[in-house]
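Notes for the one structure printed next.
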Amino acid sequence: MTDRIRCCIPGCGRTFKREAGDTRDVTIMCGRHWRMGEVAMRNRHKQLRARARWFQRRYDKRGKAIERSPKRAKFFDAWQRTWTSANTLWHRIKDDVVIKAAFGAEDAPRRRPRRDLEARSDG
């Protein structure tokens with residue numbers, strides 16, 4: 001296993017450091033390609049991730065009480081649905097970006113413009 005993880009978009013050369021707990025199946029999308037995804041889907045993914053983190057914090061604070069609660073199954077079902085929805089949406093965003101990148105339909109925007117391109121256009 002290498003110590004680097006490649007961006008999940010074919011043809012992208014961006015890599016990321018593999019963390020200690022990462023499995024072999026970890027997939028990451030670089031920021032440039034992430035910004036190629038539709039804004040509405042990215043915003044919904046952000047909401048779902050925030051909701052899943054809320055469940056995690058709630059469980060970390062009140063884990064023993066939740067385990068004994070009669071509503072335990074309802075809590076864990078909602079948590080599972082949230083993570084499943086977030087993962088499904090991530091894969092939809094990835095599939096959308098793979099198509100855009102393959103056909104070159106939309107160039108990935110840069111976060112900051114490259115200085116050498118600005119210097120060439122001025123001179």
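Scheme for the structure tokens: letters A, B, ... for chains in order shown; per-chain residue numbers from 1; ligand numbers from 1 in order shown.
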I'd like the contact shell of Arg18 (chain A) - 8 Å cut-off, only C-alpha atoms, skipping same-chain residues fewer than 5 positions apart - returned as a ChimeraX atom specification. /A:3-5
Can you check which residues of chain A DSSP gives as strand (DSSP E or B) on the backbone and send them as number ranges by chain? A: 4-7, 15-17, 28
Selection near Phe55 (chain A), 12 Å with only C-alpha atoms, sequence-local residues under 5 positions removed, as a list of chain:residue names: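 The filter keeps A:Leu48, A:Arg49, A:Ala50, A:Asp60, A:Lys61, A:Arg62, A:Gly63, A:Ile66, A:Lys74, A:Phe75, A:Phe76, A:Asp77, A:Ala78, A:Trp79, A:Gln80, A:Arg81, A:Thr82, A:Trp83.
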Name the residues in contact with His91 (chain A) at a cut-off of 12 Å, using only C-alpha atoms, excluding same-chain residues fewer than 3 positions from it; report them as a PyMOL selection string. chain A and resi 8-9+27-29+34+37+41-42+45+84-88+94-98
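Coordinates place CA of Cys7 (chain A) at a distance of 18.1 Å from CA of Ala20 (chain A).
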